[in-house]
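Coordinates as given in query-v8.cif (mmCIF, C-alpha atoms and all ligand atoms):
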data_coords
#
loop_
_atom_site.group_PDB
_atom_site.id
_atom_site.type_symbol
_atom_site.label_atom_id
_atom_site.label_comp_id
_atom_site.auth_asym_id
_atom_site.auth_seq_id
_atom_site.Cartn_x
_atom_site.Cartn_y
_atom_site.Cartn_z
ATOM 1 C CA MET A 1 -30.586 16.166 -16.912
ATOM 2 C CA MET A 2 -30.936 12.407 -17.497
ATOM 3 C CA HIS A 3 -34.352 13.136 -18.936
ATOM 4 C CA ASP A 4 -32.667 14.539 -22.061
ATOM 5 C CA TRP A 5 -31.011 11.193 -22.711
ATOM 6 C CA LEU A 6 -34.040 8.931 -22.360
ATOM 7 C CA PRO A 7 -35.448 9.455 -25.893
ATOM 8 C CA PHE A 8 -32.130 8.247 -27.337
ATOM 9 C CA ARG A 9 -31.790 5.194 -25.105
ATOM 10 C CA ASP A 10 -32.912 2.568 -27.625
ATOM 11 C CA ALA A 11 -30.974 4.084 -30.508
ATOM 12 C CA PHE A 12 -27.778 4.305 -28.442
ATOM 13 C CA LEU A 13 -28.219 0.752 -27.165
ATOM 14 C CA GLN A 14 -28.835 -0.563 -30.664
ATOM 15 C CA GLU A 15 -25.717 1.153 -31.940
ATOM 16 C CA MET A 16 -23.545 -0.164 -29.098
ATOM 17 C CA LEU A 17 -24.815 -3.740 -29.415
ATOM 18 C CA SER A 18 -24.467 -3.770 -33.202
ATOM 19 C CA GLY A 19 -20.730 -3.461 -32.724
ATOM 20 C CA GLU A 20 -20.660 -6.799 -30.919
ATOM 21 C CA ALA A 21 -21.210 -8.752 -34.122
ATOM 22 C CA PRO A 22 -19.485 -8.451 -37.508
ATOM 23 C CA SER A 23 -21.346 -7.207 -40.548
ATOM 24 C CA GLN A 24 -22.382 -9.574 -43.340
ATOM 25 C CA ASP A 25 -19.369 -8.402 -45.318
ATOM 26 C CA LYS A 26 -16.629 -10.907 -44.429
ATOM 27 C CA SER A 27 -13.846 -9.182 -46.330
ATOM 28 C CA CYS A 28 -10.824 -7.783 -44.507
ATOM 29 C CA SER A 29 -11.229 -4.054 -43.940
ATOM 30 C CA SER A 30 -7.511 -3.546 -44.511
ATOM 31 C CA CYS A 31 -6.564 -5.629 -47.574
ATOM 32 C CA GLN A 32 -10.189 -5.919 -48.824
ATOM 33 C CA GLU A 33 -9.715 -9.593 -49.627
ATOM 34 C CA ALA A 34 -12.561 -11.940 -48.803
ATOM 35 C CA LYS A 35 -11.432 -14.266 -46.068
ATOM 36 C CA THR A 36 -12.895 -17.479 -44.771
ATOM 37 C CA THR A 37 -10.461 -17.816 -41.907
ATOM 38 C CA THR A 38 -10.768 -16.303 -38.449
ATOM 39 C CA MET A 39 -11.075 -12.534 -38.349
ATOM 40 C CA TYR A 40 -9.796 -10.120 -35.734
ATOM 41 C CA ARG A 41 -10.421 -6.621 -34.479
ATOM 42 C CA CYS A 42 -8.462 -4.256 -32.258
ATOM 43 C CA SER A 43 -10.177 -2.438 -29.432
ATOM 44 C CA ASP A 44 -7.413 0.201 -29.321
ATOM 45 C CA CYS A 45 -7.099 1.098 -33.018
ATOM 46 C CA PHE A 46 -9.359 3.946 -34.095
ATOM 47 C CA HIS A 47 -11.811 2.935 -36.857
ATOM 48 C CA SER A 48 -10.729 -0.663 -36.490
ATOM 49 C CA GLY A 49 -12.793 -3.055 -38.566
ATOM 50 C CA LEU A 50 -12.472 -6.795 -38.949
ATOM 51 C CA VAL A 51 -9.120 -7.740 -40.414
ATOM 52 C CA CYS A 52 -7.401 -10.939 -41.408
ATOM 53 C CA LEU A 53 -4.528 -12.390 -39.425
ATOM 54 C CA GLU A 54 -1.866 -11.083 -41.781
ATOM 55 C CA CYS A 55 -3.191 -7.522 -41.675
ATOM 56 C CA CYS A 56 -3.684 -7.665 -37.912
ATOM 57 C CA LEU A 57 -0.028 -8.549 -37.383
ATOM 58 C CA LYS A 58 1.201 -6.066 -39.994
ATOM 59 C CA ASN A 59 -0.931 -3.207 -38.675
ATOM 60 C CA HIS A 60 0.506 -3.606 -35.180
ATOM 61 C CA ILE A 61 4.202 -3.498 -35.953
ATOM 62 C CA GLN A 62 4.118 0.132 -34.798
ATOM 63 C CA HIS A 63 1.439 -0.515 -32.153
ATOM 64 C CA PRO A 64 2.418 -3.645 -30.235
ATOM 65 C CA PHE A 65 0.574 -2.651 -27.064
ATOM 66 C CA HIS A 66 -2.977 -3.009 -28.323
ATOM 67 C CA CYS A 67 -5.762 -5.363 -27.267
ATOM 68 C CA ILE A 68 -6.912 -7.832 -29.923
ATOM 69 C CA GLN A 69 -10.190 -9.725 -30.123
ATOM 70 C CA GLU A 70 -10.983 -12.791 -32.208
ATOM 71 C CA TRP A 71 -14.389 -13.499 -33.748
ATOM 72 C CA THR A 72 -15.299 -17.056 -32.732
ATOM 73 C CA GLY A 73 -18.444 -17.202 -34.839
ATOM 74 C CA GLN A 74 -20.603 -16.317 -31.847
ATOM 75 C CA TYR A 75 -18.758 -13.585 -29.988
ATOM 76 C CA PHE A 76 -15.520 -11.630 -29.812
ATOM 77 C CA ALA A 77 -13.061 -13.379 -27.516
ATOM 78 C CA PRO A 78 -9.940 -11.688 -26.180
ATOM 79 C CA THR A 79 -6.643 -12.881 -27.585
ATOM 80 C CA THR A 80 -3.153 -11.449 -27.769
ATOM 81 C CA LEU A 81 -0.704 -10.508 -30.471
ATOM 82 C CA GLU A 82 1.742 -12.976 -28.946
ATOM 83 C CA THR A 83 -0.810 -15.790 -29.337
ATOM 84 C CA LEU A 84 -1.255 -14.843 -32.987
ATOM 85 C CA GLY A 85 2.467 -15.174 -33.654
ATOM 86 C CA PHE A 86 3.518 -11.548 -33.390
ATOM 87 C CA ILE A 87 7.232 -10.952 -32.770
ATOM 88 C CA LEU A 88 8.490 -7.644 -31.449
ATOM 89 C CA HIS A 89 11.618 -6.915 -33.471
ATOM 90 C CA LEU A 90 14.155 -4.568 -31.936
ATOM 91 C CA GLY A 91 16.945 -2.627 -33.575
ATOM 92 C CA HIS A 92 15.627 -2.177 -37.114
ATOM 93 C CA GLY A 93 12.498 -0.060 -36.887
ATOM 94 C CA GLY A 94 10.190 -3.049 -36.538
ATOM 95 C CA SER A 95 11.875 -5.180 -39.205
ATOM 96 C CA SER A 96 13.723 -8.364 -38.388
ATOM 97 C CA CYS A 97 17.429 -8.166 -37.728
ATOM 98 C CA SER A 98 19.458 -8.192 -40.919
ATOM 99 C CA ASP A 99 21.913 -10.494 -39.177
ATOM 100 C CA VAL A 100 19.528 -13.453 -39.392
ATOM 101 C CA GLY A 101 21.163 -14.846 -42.521
ATOM 102 C CA GLU A 102 24.639 -14.800 -41.008
ATOM 103 C CA ASN A 103 23.324 -16.614 -37.958
ATOM 104 C CA ASN A 104 21.888 -19.332 -40.200
ATOM 105 C CA GLY A 105 18.721 -19.430 -38.143
ATOM 106 C CA GLU A 106 20.416 -20.580 -34.956
ATOM 107 C CA GLY A 107 21.168 -17.088 -33.765
ATOM 108 C CA MET A 108 17.617 -16.048 -34.547
ATOM 109 C CA ARG A 109 16.207 -18.686 -32.227
ATOM 110 C CA ASP A 110 18.664 -17.698 -29.507
ATOM 111 C CA SER A 111 17.796 -14.033 -29.916
ATOM 112 C CA ILE A 112 14.069 -14.519 -29.252
ATOM 113 C CA THR A 113 13.027 -14.281 -25.641
ATOM 114 C CA THR A 114 9.850 -13.499 -23.771
ATOM 115 C CA LEU A 115 9.409 -9.978 -22.455
ATOM 116 C CA VAL A 116 6.726 -8.709 -20.089
ATOM 117 C CA VAL A 117 5.864 -5.104 -20.873
ATOM 118 C CA MET A 118 3.806 -2.963 -18.543
ATOM 119 C CA ASP A 119 1.839 -0.244 -20.261
ATOM 120 C CA ILE A 120 -1.097 1.939 -19.299
ATOM 121 C CA GLY A 121 -4.157 -0.203 -18.911
ATOM 122 C CA GLN A 122 -2.588 -3.609 -19.398
ATOM 123 C CA ILE A 123 0.410 -5.872 -19.040
ATOM 124 C CA TYR A 124 1.585 -7.494 -22.261
ATOM 125 C CA THR A 125 3.746 -10.518 -22.953
ATOM 126 C CA HIS A 126 5.678 -10.485 -26.196
ATOM 127 C CA LYS A 127 8.159 -12.645 -27.996
ATOM 128 C CA VAL A 128 11.064 -10.290 -28.619
ATOM 129 C CA SER A 129 13.675 -10.649 -31.327
ATOM 130 C CA TRP A 130 16.793 -8.794 -30.250
ATOM 131 C CA CYS A 131 19.164 -7.246 -32.739
ATOM 132 C CA LYS A 132 22.182 -9.533 -33.189
ATOM 133 C CA CYS A 133 24.246 -7.286 -35.462
ATOM 134 C CA SER A 134 27.939 -7.069 -34.612
ATOM 135 C CA ASP A 135 27.541 -3.465 -33.520
ATOM 136 C CA ALA A 136 24.231 -4.062 -31.723
ATOM 137 C CA PRO A 137 23.823 -2.232 -28.419
ATOM 138 C CA THR A 138 23.092 -4.108 -25.230
ATOM 139 C CA LYS A 139 19.561 -5.364 -24.596
ATOM 140 C CA PRO A 140 18.720 -2.595 -22.102
ATOM 141 C CA ILE A 141 19.848 0.003 -24.648
ATOM 142 C CA GLN A 142 17.795 -1.657 -27.400
ATOM 143 C CA LEU A 143 14.740 -1.363 -25.164
ATOM 144 C CA LEU A 144 15.463 2.287 -24.351
ATOM 145 C CA GLN A 145 15.790 3.063 -28.063
ATOM 146 C CA THR A 146 12.187 1.919 -28.552
ATOM 147 C CA GLY A 147 10.818 3.830 -25.573
ATOM 148 C CA LEU A 148 10.862 0.984 -23.067
ATOM 149 C CA TYR A 149 12.606 1.208 -19.719
ATOM 150 C CA PRO A 150 14.321 -2.107 -18.895
ATOM 151 C CA GLY A 151 13.455 -3.938 -15.689
ATOM 152 C CA SER A 152 17.087 -4.970 -15.181
ATOM 153 C CA VAL A 153 20.497 -3.982 -16.509
ATOM 154 C CA ASP A 154 21.708 -7.479 -17.407
ATOM 155 C CA SER A 155 19.187 -9.483 -19.412
ATOM 156 C CA PRO A 156 15.834 -7.755 -18.974
ATOM 157 C CA ARG A 157 12.726 -9.915 -18.971
ATOM 158 C CA SER A 158 10.415 -7.045 -18.166
ATOM 159 C CA ALA A 159 10.123 -3.427 -19.279
ATOM 160 C CA PHE A 160 7.964 -0.359 -18.707
ATOM 161 C CA THR A 161 6.693 2.166 -21.200
ATOM 162 C CA PHE A 162 7.626 5.757 -20.449
ATOM 163 C CA ARG A 163 4.006 6.831 -20.532
ATOM 164 C CA LEU A 164 3.256 4.257 -17.837
ATOM 165 C CA MET A 165 5.942 5.746 -15.595
ATOM 166 C CA ASP A 166 4.579 9.255 -16.227
ATOM 167 C CA TYR A 167 1.085 8.005 -15.442
ATOM 168 C CA TYR A 168 2.232 6.334 -12.241
ATOM 169 C CA HIS A 169 4.070 9.486 -11.151
ATOM 170 C CA VAL A 170 0.840 11.501 -11.387
ATOM 171 C CA ASP A 171 -1.170 8.665 -9.847
ATOM 172 C CA SER A 172 1.163 8.434 -6.852
ATOM 173 C CA THR A 173 1.302 12.184 -6.242
ATOM 174 C CA GLU A 174 -2.398 12.940 -6.805
ATOM 175 C CA CYS A 175 -3.975 9.715 -5.503
ATOM 176 C CA ASN A 176 -1.277 8.439 -3.118
ATOM 177 C CA THR A 177 -1.220 5.179 -5.040
ATOM 178 C CA THR A 178 1.437 2.781 -3.783
ATOM 179 C CA PRO A 179 3.577 0.804 -6.258
ATOM 180 C CA GLN A 180 1.995 -2.456 -5.135
ATOM 181 C CA SER A 181 -1.551 -1.095 -5.504
ATOM 182 C CA PHE A 182 -0.735 0.271 -8.931
ATOM 183 C CA CYS A 183 0.719 -3.066 -10.028
ATOM 184 C CA THR A 184 -2.297 -4.905 -8.629
ATOM 185 C CA LYS A 185 -4.573 -2.586 -10.590
ATOM 186 C CA LEU A 186 -2.665 -3.276 -13.788
ATOM 187 C CA ARG A 187 -2.965 -7.025 -13.230
ATOM 188 C CA ARG A 188 -6.697 -6.668 -12.631
ATOM 189 C CA LEU A 189 -7.076 -4.623 -15.815
ATOM 190 C CA THR A 190 -5.140 -7.281 -17.733
ATOM 191 C CA ASN A 191 -7.199 -10.184 -16.431
ATOM 192 C CA ARG A 192 -10.264 -9.047 -14.514
ATOM 193 C CA TYR A 193 -11.216 -12.476 -13.204
ATOM 194 C CA HIS A 194 -7.826 -14.117 -12.684
ATOM 195 C CA PRO A 195 -5.377 -11.268 -11.982
ATOM 196 C CA HIS A 196 -3.062 -13.565 -10.015
ATOM 197 C CA THR A 197 -2.214 -15.408 -13.249
ATOM 198 C CA VAL A 198 -0.724 -12.300 -14.864
ATOM 199 C CA PRO A 199 3.075 -12.626 -14.773
ATOM 200 C CA VAL A 200 5.004 -9.633 -13.551
ATOM 201 C CA SER A 201 8.681 -9.649 -12.743
ATOM 202 C CA VAL A 202 9.617 -7.326 -9.948
ATOM 203 C CA ILE A 203 12.598 -6.869 -7.727
ATOM 204 C CA LEU A 204 11.804 -7.961 -4.241
ATOM 205 C CA LEU A 205 13.765 -6.436 -1.423
ATOM 206 C CA GLU A 206 13.027 -8.294 1.739
ATOM 207 C CA TYR A 207 13.466 -6.419 4.951
ATOM 208 C CA LEU A 208 13.606 -7.589 8.484
ATOM 209 C CA ILE A 209 11.152 -5.530 10.444
ATOM 210 C CA ILE A 210 12.769 -4.721 13.726
ATOM 211 C CA SER A 211 10.810 -4.162 16.902
ATOM 212 C CA ASP A 212 10.927 -0.362 16.709
ATOM 213 C CA TRP A 213 10.287 -0.276 12.957
ATOM 214 C CA LYS A 214 8.111 2.808 13.225
ATOM 215 C CA THR A 215 11.084 4.946 14.180
ATOM 216 C CA GLY A 216 14.115 2.907 13.226
ATOM 217 C CA PRO A 217 15.443 2.019 9.791
ATOM 218 C CA LEU A 218 14.562 -1.233 8.086
ATOM 219 C CA GLN A 219 17.395 -3.696 7.749
ATOM 220 C CA ARG A 220 17.767 -5.276 4.356
ATOM 221 C CA ILE A 221 18.317 -9.029 4.566
ATOM 222 C CA ASP A 222 17.806 -10.378 1.075
ATOM 223 C CA GLN A 223 17.184 -9.427 -2.521
ATOM 224 C CA SER A 224 15.735 -11.593 -5.212
ATOM 225 C CA ILE A 225 13.710 -11.418 -8.370
ATOM 226 C CA THR A 226 10.340 -13.055 -8.119
ATOM 227 C CA THR A 227 6.834 -12.558 -9.372
ATOM 228 C CA MET A 228 3.885 -10.798 -7.872
ATOM 229 C CA GLY A 229 2.133 -14.162 -7.745
ATOM 230 C CA GLN A 230 4.543 -15.318 -5.068
ATOM 231 C CA TYR A 231 3.601 -13.549 -1.901
ATOM 232 C CA PRO A 232 6.663 -12.945 0.204
ATOM 233 C CA GLY A 233 5.226 -12.987 3.694
ATOM 234 C CA PRO A 234 4.739 -10.303 6.315
ATOM 235 C CA HIS A 235 8.339 -9.137 6.560
ATOM 236 C CA ALA A 236 8.777 -8.066 2.972
ATOM 237 C CA VAL A 237 8.367 -4.831 1.107
ATOM 238 C CA TRP A 238 7.703 -4.739 -2.607
ATOM 239 C CA ILE A 239 9.967 -2.420 -4.488
ATOM 240 C CA TRP A 240 8.578 -2.039 -7.993
ATOM 241 C CA THR A 241 11.162 -0.999 -10.550
HETATM 242 ZN ZN ZN A 301 -6.242 -8.361 -44.631
HETATM 243 ZN ZN ZN A 302 -4.622 -1.823 -32.716
HETATM 244 ZN ZN ZN A 303 20.432 -6.303 -36.148
#
As structure tokens:
Amino acid sequence: MMHDWLPFRDAFLQEMLSGEAPSQDKSCSSCQEAKTTTMYRCSDCFHSGLVCLECCLKNHIQHPFHCIQEWTGQYFAPTTLETLGFILHLGHGGSSCSDVGENNGEGMRDSITTLVVMDIGQIYTHKVSWCKCSDAPTKPIQLLQTGLYPGSVDSPRSAFTFRLMDYYHVDSTECNTTPQSFCTKLRRLTNRYHPHTVPVSVILLEYLIISDWKTGPLQRIDQSITTMGQYPGPHAVWIWT
């Protein structure tokens, strides 16, 4: 079986490695303008070529959960849309809130917060601009309207894509994956070498494990919001919501 592949080994390898360096053509594949500044590519967009910063940000208004790489001159280094200045606008189909002018800029600054979004394959951090219109729905509702499930009902700082929850449902039923294992896997996928640095807000329900815990109920003693980087000790159970 593998014998059939051997004649193509060099050609396949050449093709795969050639994608690790940009072509001589330095123009943006989206706007076609020749650029001398840093170029970017997306590993999630299909047929993604090198694009300029402006096109990279514009092309991802509808695709904010993509992985971006930056050409350093020697290799492609991972970066993020947040690092490049991307803002996730809510309430107006990806456009900024029309209420910005009435807020005279002050409201705009107040309306931008950081949101951790868990999606299949990676955890993303975004600067989010909430809709500040007079008839704007609450923040959790604004998230739901864009297909994100809020991590809390007050002022959510984390959210989950629906496809992630569907994926986890299948993963837990078919592979018996626990919530903590699934979250650990996501952190590892986000940062393979330093997964503990990936911020994730979760709700921690701490239980006192009584002596006959195998048969008796667990007694809840505390509830707090913390991060997965803060290990709670032996008497705690992670409840991932
Ligand atoms: Zn461009
Ligand atoms: Zn993309
Ligand atoms: Zn608005």
Env. residues ligand ZN 303 (chain A) / 9 Å / all atoms listed in the file / as number ranges by chain = A: 90-92, 96-100, 130-136
Print the selection's residues with C-alpha atoms to a file, as a compact mmCIF listing (two decimals), in the frame of the given file.
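To be explicit, this is the file written out as result.txt:
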# COMPACT_ATOMS: atom_id res chain seq x y z
CA LEU A 90 14.16 -4.57 -31.94
CA GLY A 91 16.94 -2.63 -33.58
CA HIS A 92 15.63 -2.18 -37.11
CA SER A 96 13.72 -8.36 -38.39
CA CYS A 97 17.43 -8.17 -37.73
CA SER A 98 19.46 -8.19 -40.92
CA ASP A 99 21.91 -10.49 -39.18
CA VAL A 100 19.53 -13.45 -39.39
CA TRP A 130 16.79 -8.79 -30.25
CA CYS A 131 19.16 -7.25 -32.74
CA LYS A 132 22.18 -9.53 -33.19
CA CYS A 133 24.25 -7.29 -35.46
CA SER A 134 27.94 -7.07 -34.61
CA ASP A 135 27.54 -3.46 -33.52
CA ALA A 136 24.23 -4.06 -31.72
Return as a PyMOL selection string every polymer residue, whether protein, DNA or RNA, with at least one atom no more than 12 Å from an atom of ligand ZN 302 (chain A); count only C-alpha atoms and all ligand atoms.
-> chain A and resi 40-51+55-69+80-81
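Shortest separation to ligand ZN 301 (chain A) among A:Thr190, A:Gln180, A:Thr36, A:Gln145 occurs at residue A:Thr36, atoms counted being only C-alpha atoms and all ligand atoms.
Take the candidates A:Phe12, A:Thr37, A:Gln74, A:Leu6 and check each one against ligand ZN 301 (chain A) using only C-alpha atoms and all ligand atoms; the shortest distance goes to A:Thr37.
Taking all atoms listed in the file into account, ligand ZN 301 (chain A) has within 6 Å the residues Cys28, Ser30, Cys31, Val51, Cys52, Glu54 and Cys55 of chain A.
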As lines of an AutoDock Vina configuration file: centre and edge lengths in Å, one decimal, of the axis-aligned box holding region 46-61 of chain A with 8 Å per side:
center_x = -4.3
center_y = -4.2
center_z = -37.9
size_x = 33.0
size_y = 32.3
size_z = 23.7
Of the residues A:Thr79, A:Thr184, A:Thr161, A:Thr138, which is the one nearest to Val117 (chain A), using only C-alpha atoms?
-> A:Thr161
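Take the PyMOL selection byres (((chain A and resi 148) around 10) and not hetatm) and apply it to this file: it picks Val117, Met118, Asp119, Pro140, Ile141, Gln142, Leu143, Leu144, Gln145, Thr146, Gly147, Tyr149, Pro150, Gly151, Ser158, Ala159, Phe160, Thr161, Phe162, Arg163 and Leu164 of chain A.
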Between CA of His194 (chain A) and CA of Pro78 (chain A), what is the distance, to one decimal in Å?
-> 13.9 Å
For Asp25 (chain A), the closest of A:Arg187, A:His196, A:Met39, A:Thr177 counting all atoms listed in the file is A:Met39
